[in-house]
file input_6.cif (mmCIF, C-alpha atoms and all ligand atoms)
data_data
#
loop_
_atom_site.group_PDB
_atom_site.id
_atom_site.type_symbol
_atom_site.label_atom_id
_atom_site.label_comp_id
_atom_site.auth_asym_id
_atom_site.auth_seq_id
_atom_site.Cartn_x
_atom_site.Cartn_y
_atom_site.Cartn_z
ATOM 1 C CA MET P 1 105.210 60.445 -99.242
ATOM 2 C CA PHE P 2 102.866 59.424 -102.081
ATOM 3 C CA GLU P 3 103.753 58.567 -105.689
ATOM 4 C CA PRO P 4 102.567 61.294 -108.103
ATOM 5 C CA GLU P 5 100.863 58.604 -110.216
ATOM 6 C CA LEU P 6 98.685 57.627 -107.214
ATOM 7 C CA LEU P 7 97.735 61.244 -106.531
ATOM 8 C CA SER P 8 96.802 61.900 -110.166
ATOM 9 C CA ALA P 9 94.823 58.626 -110.387
ATOM 10 C CA LEU P 10 92.705 59.654 -107.368
ATOM 11 C CA ARG P 11 92.434 63.287 -108.528
ATOM 12 C CA SER P 12 91.069 62.322 -111.962
ATOM 13 C CA ALA P 13 88.959 59.309 -110.939
ATOM 14 C CA GLN P 14 85.195 59.624 -111.373
ATOM 15 C CA ARG P 15 84.449 56.308 -109.630
ATOM 16 C CA VAL P 16 86.329 55.262 -106.457
ATOM 17 C CA VAL P 17 85.470 52.252 -104.283
ATOM 18 C CA VAL P 18 86.767 51.619 -100.764
ATOM 19 C CA LEU P 19 86.581 48.306 -98.860
ATOM 20 C CA THR P 20 87.357 48.522 -95.145
ATOM 21 C CA GLY P 21 87.998 45.887 -92.504
ATOM 22 C CA ALA P 22 88.623 45.796 -88.767
ATOM 23 C CA GLY P 23 91.990 47.561 -89.156
ATOM 24 C CA ILE P 24 90.382 50.949 -89.804
ATOM 25 C CA SER P 25 88.654 50.782 -86.402
ATOM 26 C CA ALA P 26 91.724 49.509 -84.514
ATOM 27 C CA GLU P 27 92.875 53.084 -83.734
ATOM 28 C CA SER P 28 89.436 53.782 -82.256
ATOM 29 C CA GLY P 29 90.091 51.027 -79.755
ATOM 30 C CA VAL P 30 87.898 48.371 -81.376
ATOM 31 C CA PRO P 31 89.859 45.088 -81.274
ATOM 32 C CA THR P 32 90.303 43.663 -84.774
ATOM 33 C CA PHE P 33 88.163 40.632 -85.387
ATOM 34 C CA ARG P 34 90.927 38.262 -84.437
ATOM 35 C CA ASP P 35 91.903 40.268 -81.315
ATOM 36 C CA ALA P 36 88.305 40.323 -80.084
ATOM 37 C CA LEU P 37 88.633 36.827 -78.603
ATOM 38 C CA THR P 38 89.861 37.631 -75.111
ATOM 39 C CA GLY P 39 88.805 36.315 -71.704
ATOM 40 C CA LEU P 40 86.043 33.692 -71.754
ATOM 41 C CA TRP P 41 86.148 33.514 -75.531
ATOM 42 C CA SER P 42 89.936 33.372 -75.918
ATOM 43 C CA ASN P 43 89.925 29.622 -76.533
ATOM 44 C CA PHE P 44 87.719 29.964 -79.641
ATOM 45 C CA LYS P 45 88.495 30.882 -83.236
ATOM 46 C CA PRO P 46 86.195 33.606 -84.636
ATOM 47 C CA GLU P 47 84.950 31.192 -87.256
ATOM 48 C CA GLU P 48 83.820 28.887 -84.414
ATOM 49 C CA LEU P 49 81.990 31.557 -82.420
ATOM 50 C CA ALA P 50 80.430 33.729 -85.138
ATOM 51 C CA THR P 51 78.219 30.936 -86.537
ATOM 52 C CA PRO P 52 74.560 29.904 -86.226
ATOM 53 C CA GLY P 53 75.717 26.522 -84.885
ATOM 54 C CA ALA P 54 77.719 28.097 -82.049
ATOM 55 C CA PHE P 55 74.720 30.241 -81.127
ATOM 56 C CA LEU P 56 72.332 27.275 -81.098
ATOM 57 C CA ARG P 57 74.816 25.189 -79.107
ATOM 58 C CA ASN P 58 75.630 27.926 -76.601
ATOM 59 C CA PRO P 59 73.257 30.886 -77.021
ATOM 60 C CA LYS P 60 74.165 32.536 -73.703
ATOM 61 C CA MET P 61 77.928 32.590 -74.432
ATOM 62 C CA VAL P 62 77.533 33.884 -77.991
ATOM 63 C CA TRP P 63 74.924 36.485 -76.977
ATOM 64 C CA GLU P 64 77.218 37.726 -74.176
ATOM 65 C CA TRP P 65 80.199 37.995 -76.554
ATOM 66 C CA TYR P 66 78.146 40.252 -78.801
ATOM 67 C CA ALA P 67 76.668 42.210 -75.873
ATOM 68 C CA LEU P 68 80.224 42.952 -74.702
ATOM 69 C CA ARG P 69 81.351 43.998 -78.203
ATOM 70 C CA ARG P 70 78.179 46.121 -78.645
ATOM 71 C CA GLN P 71 78.901 47.884 -75.369
ATOM 72 C CA LEU P 72 82.541 48.457 -76.402
ATOM 73 C CA THR P 73 81.514 49.771 -79.806
ATOM 74 C CA ALA P 74 79.089 52.256 -78.226
ATOM 75 C CA GLN P 75 81.921 53.679 -76.099
ATOM 76 C CA VAL P 76 84.468 54.332 -78.872
ATOM 77 C CA THR P 77 84.543 57.145 -81.449
ATOM 78 C CA PRO P 78 85.573 57.349 -85.107
ATOM 79 C CA ASN P 79 89.266 58.055 -85.747
ATOM 80 C CA PRO P 80 90.933 60.301 -88.409
ATOM 81 C CA GLY P 81 90.851 57.390 -90.863
ATOM 82 C CA HIS P 82 87.042 57.260 -90.759
ATOM 83 C CA PHE P 83 86.812 61.044 -91.116
ATOM 84 C CA ALA P 84 89.216 61.030 -94.084
ATOM 85 C CA LEU P 85 86.929 58.604 -95.941
ATOM 86 C CA ALA P 86 83.917 60.837 -95.223
ATOM 87 C CA GLU P 87 85.917 63.704 -96.804
ATOM 88 C CA MET P 88 86.861 61.497 -99.778
ATOM 89 C CA GLU P 89 83.142 60.781 -100.353
ATOM 90 C CA ARG P 90 82.553 64.540 -100.636
ATOM 91 C CA ARG P 91 85.380 64.950 -103.148
ATOM 92 C CA VAL P 92 84.823 62.043 -105.562
ATOM 93 C CA PRO P 93 81.929 62.229 -108.054
ATOM 94 C CA HIS P 94 80.933 58.568 -107.646
ATOM 95 C CA PHE P 95 82.184 57.106 -104.372
ATOM 96 C CA ALA P 96 81.222 53.772 -102.766
ATOM 97 C CA LEU P 97 82.235 52.793 -99.221
ATOM 98 C CA ILE P 98 81.865 49.074 -98.536
ATOM 99 C CA THR P 99 82.645 47.818 -95.046
ATOM 100 C CA GLN P 100 83.051 44.402 -93.438
ATOM 101 C CA ASN P 101 82.883 46.091 -90.049
ATOM 102 C CA VAL P 102 79.791 45.890 -87.892
ATOM 103 C CA ASP P 103 80.677 48.855 -85.612
ATOM 104 C CA GLY P 104 78.837 51.664 -87.452
ATOM 105 C CA LEU P 105 81.826 54.019 -87.072
ATOM 106 C CA HIS P 106 81.816 55.106 -90.752
ATOM 107 C CA GLN P 107 78.284 56.455 -90.398
ATOM 108 C CA ARG P 108 79.208 58.209 -87.140
ATOM 109 C CA ALA P 109 82.153 59.866 -88.943
ATOM 110 C CA GLY P 110 79.775 61.348 -91.528
ATOM 111 C CA SER P 111 79.996 58.848 -94.393
ATOM 112 C CA ARG P 112 76.536 59.038 -95.956
ATOM 113 C CA GLN P 113 76.441 56.065 -98.293
ATOM 114 C CA VAL P 114 77.828 52.965 -96.514
ATOM 115 C CA THR P 115 77.277 49.357 -97.629
ATOM 116 C CA GLU P 116 77.495 47.065 -94.579
ATOM 117 C CA LEU P 117 78.346 43.626 -95.974
ATOM 118 C CA HIS P 118 78.217 41.870 -92.603
ATOM 119 C CA GLY P 119 75.446 43.736 -90.799
ATOM 120 C CA ASN P 120 75.673 45.951 -87.723
ATOM 121 C CA ILE P 121 76.280 44.888 -84.119
ATOM 122 C CA GLY P 122 74.044 47.710 -82.887
ATOM 123 C CA ARG P 123 70.999 46.003 -84.421
ATOM 124 C CA VAL P 124 69.277 42.940 -82.895
ATOM 125 C CA LYS P 125 66.848 40.669 -84.739
ATOM 126 C CA CYS P 126 64.644 37.630 -84.174
ATOM 127 C CA PHE P 127 66.457 34.359 -84.949
ATOM 128 C CA GLU P 128 63.332 32.926 -86.638
ATOM 129 C CA GLU P 129 61.596 35.930 -88.192
ATOM 130 C CA ASN P 130 64.789 37.840 -89.144
ATOM 131 C CA THR P 131 63.033 41.094 -88.237
ATOM 132 C CA CYS P 132 64.887 43.689 -86.153
ATOM 133 C CA VAL P 133 63.629 44.738 -82.715
ATOM 134 C CA SER P 134 64.439 48.092 -81.116
ATOM 135 C CA ALA P 135 64.091 47.017 -77.478
ATOM 136 C CA TRP P 136 64.467 43.761 -75.603
ATOM 137 C CA ASP P 137 64.240 42.396 -72.053
ATOM 138 C CA GLU P 138 67.826 41.906 -70.841
ATOM 139 C CA THR P 139 66.760 39.826 -67.835
ATOM 140 C CA THR P 140 66.742 36.697 -69.991
ATOM 141 C CA VAL P 141 69.902 35.735 -71.876
ATOM 142 C CA PRO P 142 69.543 35.572 -74.837
ATOM 143 C CA PRO P 143 66.431 37.753 -74.729
ATOM 144 C CA ARG P 144 63.294 36.523 -76.451
ATOM 145 C CA CYS P 145 61.496 37.987 -79.476
ATOM 146 C CA PRO P 146 58.482 40.008 -78.245
ATOM 147 C CA HIS P 147 56.463 38.776 -81.245
ATOM 148 C CA CYS P 148 57.134 35.051 -81.471
ATOM 149 C CA GLY P 149 59.169 34.145 -78.372
ATOM 150 C CA SER P 150 62.218 32.833 -80.317
ATOM 151 C CA TRP P 151 65.706 33.881 -79.305
ATOM 152 C CA LEU P 152 66.996 37.277 -80.392
ATOM 153 C CA ARG P 153 70.429 37.471 -82.072
ATOM 154 C CA PRO P 154 72.759 40.198 -83.328
ATOM 155 C CA ASP P 155 71.939 41.464 -86.842
ATOM 156 C CA VAL P 156 75.318 40.408 -88.229
ATOM 157 C CA VAL P 157 76.238 37.881 -90.940
ATOM 158 C CA TRP P 158 77.755 34.767 -89.367
ATOM 159 C CA PHE P 159 80.151 32.345 -91.086
ATOM 160 C CA GLY P 160 78.148 30.003 -93.265
ATOM 161 C CA GLU P 161 75.388 32.607 -93.716
ATOM 162 C CA LEU P 162 74.657 34.391 -96.962
ATOM 163 C CA LEU P 163 75.372 38.100 -97.165
ATOM 164 C CA PRO P 164 72.378 40.423 -97.606
ATOM 165 C CA GLU P 165 71.583 40.156 -101.344
ATOM 166 C CA GLU P 166 71.178 43.907 -101.865
ATOM 167 C CA ALA P 167 74.481 44.747 -100.146
ATOM 168 C CA ARG P 168 76.374 42.042 -102.001
ATOM 169 C CA GLU P 169 75.023 43.119 -105.388
ATOM 170 C CA ALA P 170 75.705 46.806 -104.726
ATOM 171 C CA ALA P 171 79.255 46.009 -103.625
ATOM 172 C CA SER P 172 79.936 43.768 -106.607
ATOM 173 C CA GLY P 173 78.488 46.277 -109.096
ATOM 174 C CA ALA P 174 80.505 49.158 -107.680
ATOM 175 C CA SER P 175 83.725 47.096 -107.635
ATOM 176 C CA ALA P 176 83.299 46.094 -111.298
ATOM 177 C CA ASN P 177 83.049 49.785 -112.261
ATOM 178 C CA ALA P 178 85.760 51.190 -110.029
ATOM 179 C CA GLU P 179 88.609 53.182 -111.588
ATOM 180 C CA VAL P 180 90.459 53.128 -108.249
ATOM 181 C CA PHE P 181 89.796 50.512 -105.515
ATOM 182 C CA LEU P 182 91.238 51.024 -102.031
ATOM 183 C CA SER P 183 91.443 48.011 -99.676
ATOM 184 C CA ILE P 184 91.941 49.405 -96.166
ATOM 185 C CA GLY P 185 92.632 47.560 -92.888
ATOM 186 C CA THR P 186 91.528 44.127 -94.023
ATOM 187 C CA SER P 187 93.387 40.830 -94.042
ATOM 188 C CA ALA P 188 91.525 39.985 -97.280
ATOM 189 C CA LEU P 189 90.810 36.435 -96.050
ATOM 190 C CA VAL P 190 87.027 36.357 -95.664
ATOM 191 C CA TYR P 191 84.857 35.680 -98.714
ATOM 192 C CA PRO P 192 82.909 36.871 -100.642
ATOM 193 C CA ALA P 193 84.180 40.291 -99.413
ATOM 194 C CA ALA P 194 87.752 39.345 -100.352
ATOM 195 C CA ASP P 195 86.560 38.825 -103.935
ATOM 196 C CA LEU P 196 85.713 42.504 -104.372
ATOM 197 C CA PRO P 197 89.259 43.847 -104.924
ATOM 198 C CA LEU P 198 89.884 40.957 -107.338
ATOM 199 C CA GLU P 199 86.720 41.853 -109.261
ATOM 200 C CA ALA P 200 87.916 45.453 -109.476
ATOM 201 C CA LEU P 201 91.308 44.274 -110.767
ATOM 202 C CA ARG P 202 89.617 42.064 -113.377
ATOM 203 C CA HIS P 203 87.867 45.182 -114.688
ATOM 204 C CA GLY P 204 91.071 47.199 -114.906
ATOM 205 C CA ALA P 205 90.944 49.163 -111.669
ATOM 206 C CA VAL P 206 94.026 50.595 -109.970
ATOM 207 C CA LEU P 207 94.321 48.707 -106.661
ATOM 208 C CA VAL P 208 95.614 50.567 -103.582
ATOM 209 C CA GLU P 209 96.147 48.810 -100.236
ATOM 210 C CA VAL P 210 96.462 50.562 -96.856
ATOM 211 C CA ASN P 211 97.577 48.168 -94.127
ATOM 212 C CA THR P 212 100.102 47.954 -91.294
ATOM 213 C CA GLU P 213 101.121 44.503 -92.568
ATOM 214 C CA GLU P 214 101.378 42.496 -95.772
ATOM 215 C CA THR P 215 98.259 40.581 -96.885
ATOM 216 C CA PRO P 216 97.500 38.136 -99.727
ATOM 217 C CA LEU P 217 96.412 41.207 -101.694
ATOM 218 C CA THR P 218 99.629 43.202 -101.301
ATOM 219 C CA ARG P 219 101.419 41.752 -104.331
ATOM 220 C CA ARG P 220 98.364 42.546 -106.524
ATOM 221 C CA ALA P 221 98.249 46.193 -105.450
ATOM 222 C CA LYS P 222 99.744 48.857 -107.711
ATOM 223 C CA PHE P 223 100.255 51.043 -104.617
ATOM 224 C CA SER P 224 100.818 49.528 -101.179
ATOM 225 C CA LEU P 225 100.742 52.140 -98.390
ATOM 226 C CA ARG P 226 102.224 50.536 -95.284
ATOM 227 C CA GLY P 227 101.065 52.239 -92.091
ATOM 228 C CA PRO P 228 98.089 52.878 -89.800
ATOM 229 C CA SER P 229 95.042 54.094 -91.723
ATOM 230 C CA GLY P 230 94.411 56.748 -89.044
ATOM 231 C CA ARG P 231 97.630 58.452 -90.191
ATOM 232 C CA VAL P 232 97.893 57.424 -93.864
ATOM 233 C CA LEU P 233 94.349 58.316 -94.967
ATOM 234 C CA PRO P 234 94.253 61.945 -93.732
ATOM 235 C CA GLU P 235 97.683 62.519 -95.319
ATOM 236 C CA LEU P 236 96.517 60.950 -98.592
ATOM 237 C CA VAL P 237 93.328 63.045 -98.727
ATOM 238 C CA ARG P 238 95.314 66.237 -98.006
ATOM 239 C CA ALA P 239 97.843 65.345 -100.724
ATOM 240 C CA VAL P 240 95.176 64.596 -103.359
ATOM 241 C CA TRP P 241 92.863 67.505 -102.523
ATOM 242 C CA PRO P 242 95.110 70.184 -100.895
HETATM 243 C C1 LIG K 301 79.240 32.831 -97.134
HETATM 244 C C2 LIG K 301 80.353 39.566 -88.787
HETATM 245 C C3 LIG K 301 77.915 31.518 -98.574
HETATM 246 C C4 LIG K 301 80.293 38.778 -87.519
HETATM 247 C C5 LIG K 301 82.004 38.398 -90.179
HETATM 248 C C6 LIG K 301 82.996 26.726 -94.907
HETATM 249 C C7 LIG K 301 81.637 26.823 -94.595
HETATM 250 C C8 LIG K 301 80.905 27.973 -94.857
HETATM 251 C C9 LIG K 301 81.533 29.058 -95.430
HETATM 252 C C10 LIG K 301 82.880 28.955 -95.702
HETATM 253 C C11 LIG K 301 83.627 27.818 -95.470
HETATM 254 N N1 LIG K 301 84.907 28.050 -95.865
HETATM 255 C C12 LIG K 301 85.020 29.307 -96.334
HETATM 256 C C13 LIG K 301 83.788 29.851 -96.253
HETATM 257 C C14 LIG K 301 83.441 31.143 -96.621
HETATM 258 C C15 LIG K 301 83.500 31.989 -95.330
HETATM 259 C C16 LIG K 301 84.922 32.462 -95.190
HETATM 260 O O1 LIG K 301 85.337 33.329 -95.936
HETATM 261 N N2 LIG K 301 85.694 31.891 -94.234
HETATM 262 C C17 LIG K 301 87.069 32.308 -94.068
HETATM 263 C C18 LIG K 301 87.481 32.073 -92.613
HETATM 264 C C19 LIG K 301 87.944 31.528 -95.044
HETATM 265 N N3 LIG K 301 82.587 33.077 -95.552
HETATM 266 C C20 LIG K 301 81.329 32.992 -95.102
HETATM 267 O O2 LIG K 301 80.893 32.098 -94.420
HETATM 268 C C21 LIG K 301 80.446 34.146 -95.560
HETATM 269 N N4 LIG K 301 79.231 33.618 -96.092
HETATM 270 O O3 LIG K 301 80.247 32.457 -97.704
HETATM 271 O O4 LIG K 301 77.977 32.432 -97.513
HETATM 272 C C22 LIG K 301 77.843 30.162 -97.928
HETATM 273 C C23 LIG K 301 76.723 29.867 -97.178
HETATM 274 C C24 LIG K 301 76.613 28.585 -96.638
HETATM 275 C C25 LIG K 301 77.654 27.648 -96.797
HETATM 276 C C26 LIG K 301 78.800 27.990 -97.535
HETATM 277 C C27 LIG K 301 78.895 29.257 -98.093
HETATM 278 C C28 LIG K 301 80.114 35.050 -94.395
HETATM 279 C C29 LIG K 301 81.366 35.740 -93.918
HETATM 280 C C30 LIG K 301 80.995 36.839 -92.904
HETATM 281 C C31 LIG K 301 81.383 36.416 -91.513
HETATM 282 N N5 LIG K 301 81.111 37.531 -90.589
HETATM 283 N N6 LIG K 301 81.692 39.434 -89.375
HETATM 284 C C32 LIG K 301 81.090 39.421 -86.411
HETATM 285 O O5 LIG K 301 81.721 40.462 -86.637
HETATM 286 O O6 LIG K 301 81.054 38.864 -85.308
HETATM 287 S S1 LIG K 301 83.579 38.214 -90.729
HETATM 288 C C33 LIG K 301 84.582 39.194 -89.819
HETATM 289 O O7 LIG K 301 85.881 38.690 -90.009
HETATM 290 C C34 LIG K 301 84.663 40.621 -90.312
HETATM 291 O O8 LIG K 301 83.416 41.114 -90.707
HETATM 292 C C35 LIG K 301 85.655 40.557 -91.424
HETATM 293 O O9 LIG K 301 85.044 40.238 -92.640
HETATM 294 C C36 LIG K 301 86.499 39.409 -91.007
HETATM 295 C C37 LIG K 301 87.773 39.920 -90.363
HETATM 296 O O10 LIG K 301 88.503 40.377 -91.368
HETATM 297 P P1 LIG K 301 89.154 41.832 -91.273
HETATM 298 O O11 LIG K 301 88.089 42.853 -91.198
HETATM 299 O O12 LIG K 301 90.100 41.875 -92.371
HETATM 300 O O13 LIG K 301 89.891 41.869 -89.872
HETATM 301 P P2 LIG K 301 91.195 41.067 -89.433
HETATM 302 O O14 LIG K 301 91.272 41.166 -87.964
HETATM 303 O O15 LIG K 301 91.234 39.727 -90.112
HETATM 304 O O16 LIG K 301 92.391 41.899 -90.103
HETATM 305 C C38 LIG K 301 92.617 43.237 -89.729
HETATM 306 C C39 LIG K 301 93.574 43.810 -90.758
HETATM 307 O O17 LIG K 301 93.812 45.177 -90.439
HETATM 308 C C40 LIG K 301 94.925 43.119 -90.750
HETATM 309 O O18 LIG K 301 95.366 42.947 -92.087
HETATM 310 C C41 LIG K 301 95.837 44.123 -90.015
HETATM 311 O O19 LIG K 301 97.160 44.064 -90.505
HETATM 312 C C42 LIG K 301 95.192 45.423 -90.400
HETATM 313 N N7 LIG K 301 95.364 46.527 -89.444
HETATM 314 C C43 LIG K 301 95.407 46.459 -88.090
HETATM 315 N N8 LIG K 301 95.517 47.713 -87.579
HETATM 316 C C44 LIG K 301 95.528 48.569 -88.645
HETATM 317 C C45 LIG K 301 95.436 47.820 -89.831
HETATM 318 N N9 LIG K 301 95.422 48.383 -91.054
HETATM 319 C C46 LIG K 301 95.499 49.735 -91.117
HETATM 320 N N10 LIG K 301 95.598 50.530 -90.025
HETATM 321 C C47 LIG K 301 95.607 49.983 -88.783
HETATM 322 N N11 LIG K 301 95.711 50.794 -87.718
#

call {"tool": "encode", "arguments": {"input": "input_6.cif", "output": "structure tokens"}}
result
Amino acid sequence: MFEPELLSALRSAQRVVVLTGAGISAESGVPTFRDALTGLWSNFKPEELATPGAFLRNPKMVWEWYALRRQLTAQVTPNPGHFALAEMERRVPHFALITQNVDGLHQRAGSRQVTELHGNIGRVKCFEENTCVSAWDETTVPPRCPHCGSWLRPDVVWFGELLPEEAREAASGASANAEVFLSIGTSALVYPAADLPLEALRHGAVLVEVNTEETPLTRRAKFSLRGPSGRVLPELVRAVWP
């Protein structure tokens, strides 16, 4: 199933970096970012809804989209792909897991060191103060900040917003030092996250892609594993570390 060169590269690597996208959570039942637009939101593109402008123009609609996704995320569980990456973290001397996902499933699967590039839908913060709140009054939509009265918003990075500096720097530093970089379940279209595999390539890393479909990254990958990450990743981990 796997090329011996891939298995030996992972077995001998001291520094492995993984970037995940919505595809790794698809088998848990979390719609990928582009599938999430159903019902009321189906006539929007994600880039139109996940923006500060959309929220300011229609706070109730955007808040409710996130409230629905937050509720969905709380009801699903990690799948074998998430667990396989938690096992990989235990096996590799220097392992970095970078995710574009906001669902928190990597942490729930036991991954200890996770860099969330785009925040976490389970956290809510004040639109003005940028500080997180642990409880809010759901009778008003969007709810108000208990400290300053501004609207509350999900603690995620919207299009047109800068990524958290610390997360972006950690991700970029790890990618530049990776011996093996795995891009898993991402369409590799959203920047600056999509720059990370390219940065790894520029520094001589072996690029591995795990995806059910072709992406703009596929032709740059030394190994392209076509299939669902929930099946491919456990098989890969078992083959590398029997
Ligand atoms: C920034 C959180 C600097 C929110 C997300 C114009 C104005 C402003 C910015 C831009 C602009 N033009 C371009 C930009 C940059 C922009 C961007 O990249 N746009 C894209 C559309 C071109 N980026 C930004 O705005 C970023 N900030 O640049 O700041 C700046 C500041 C001011 C002005 C200018 C620049 C911020 C980007 C972060 C946005 N937030 N999420 C939320 O979740 O609601 S992005 C969101 O979409 C995800 O986090 C993720 O990053 C992305 C979706 O991508 P994927 O995860 O890859 O998911 P997708 O559904 O696309 O694909 C799933 C893949 O899985 C597929 O390949 C599929 O085949 C595969 N798959 C499916 N099932 C499986 C599977 N694979 C394996 N197994 C399976 N079972």

call {"tool": "residues_around", "arguments": {"input": "input_6.cif", "residues": "segment 141-158 of chain P", "least_positions_apart": "2", "cutoff": "8 Å", "atoms": "all atoms listed in the file", "output": "PyMOL selection string"}}
result
chain P and resi 50-52+59-60+63-64+66+102+117-128+132-133+136-139+160-163

call {"tool": "closest_residue", "arguments": {"input": "input_6.cif", "among": "P:Ala26, P:Asp195, P:Ser224, P:Arg11", "to": "Leu207 of chain P", "atoms": "all atoms listed in the file"}}
result
P:Ser224

call {"tool": "closest_residue", "arguments": {"input": "input_6.cif", "among": "P:Glu235, P:Glu89, P:Glu165, P:Glu214", "to": "ligand LIG 301 (chain K)", "atoms": "all atoms listed in the file"}}
result
P:Glu214

call {"tool": "resolve_selection", "arguments": {"input": "input_6.cif", "expression": "the PyMOL selection byres (((not hetatm)) within 7 of (chain K and resi 301))", "output": "ChimeraX atom specification"}}
result
/P:20-24,26-27,32-35,47,50,100-102,118-119,156-163,184-193,210-215,227-230

call {"tool": "resolve_selection", "arguments": {"input": "input_6.cif", "expression": "the PyMOL selection byres (((chain P and resi 113) around 7) and not hetatm)", "output": "mmCIF file with C-alpha atoms, keeping the file's coordinate frame"}}
result
data_model
loop_
_atom_site.group_PDB
_atom_site.id
_atom_site.type_symbol
_atom_site.label_atom_id
_atom_site.label_comp_id
_atom_site.auth_asym_id
_atom_site.auth_seq_id
_atom_site.Cartn_x
_atom_site.Cartn_y
_atom_site.Cartn_z
ATOM 1 C CA ALA P 96 81.222 53.772 -102.766
ATOM 2 C CA LEU P 97 82.235 52.793 -99.221
ATOM 3 C CA SER P 111 79.996 58.848 -94.393
ATOM 4 C CA ARG P 112 76.536 59.038 -95.956
ATOM 5 C CA VAL P 114 77.828 52.965 -96.514
ATOM 6 C CA THR P 115 77.277 49.357 -97.629
#

call {"tool": "resolve_selection", "arguments": {"input": "input_6.cif", "expression": "the PyMOL selection byres (((chain P and resi 177) around 9) and not hetatm)", "output": "VMD selection string"}}
result
chain P and resid 15 to 17 172 to 176 178 to 179 200 203 to 205

call {"tool": "atom_distance", "arguments": {"input": "input_6.cif", "atom1": "atom CA of Arg168 of chain P", "atom2": "atom CA of Ala194 of chain P"}}
result
11.8 Å

call {"tool": "atom_distance", "arguments": {"input": "input_6.cif", "atom1": "atom CA of Asn79 of chain P", "atom2": "atom CA of Ser183 of chain P"}}
result
17.3 Å

call {"tool": "closest_residue", "arguments": {"input": "input_6.cif", "among": "P:Val18, P:Val208, P:Val240, P:Met61", "to": "Thr99 of chain P", "atoms": "all atoms listed in the file"}}
result
P:Val18

call {"tool": "atom_distance", "arguments": {"input": "input_6.cif", "atom1": "atom CA of Gly29 of chain P", "atom2": "atom CA of Arg238 of chain P"}}
result
24.3 Å

call {"tool": "closest_residue", "arguments": {"input": "input_6.cif", "among": "P:Glu169, P:Val62, P:Gln14, P:Glu5", "to": "Arg91 of chain P", "atoms": "only C-alpha atoms"}}
result
P:Gln14

call {"tool": "axis_aligned_box", "arguments": {"input": "input_6.cif", "around": "segment 123-129 of chain P", "padding_each_side": "3 Å", "output": "AutoDock Vina command-line options"}}
result
--center_x 66.3 --center_y 39.5 --center_z -85.5 --size_x 15.4 --size_y 19.1 --size_z 11.3
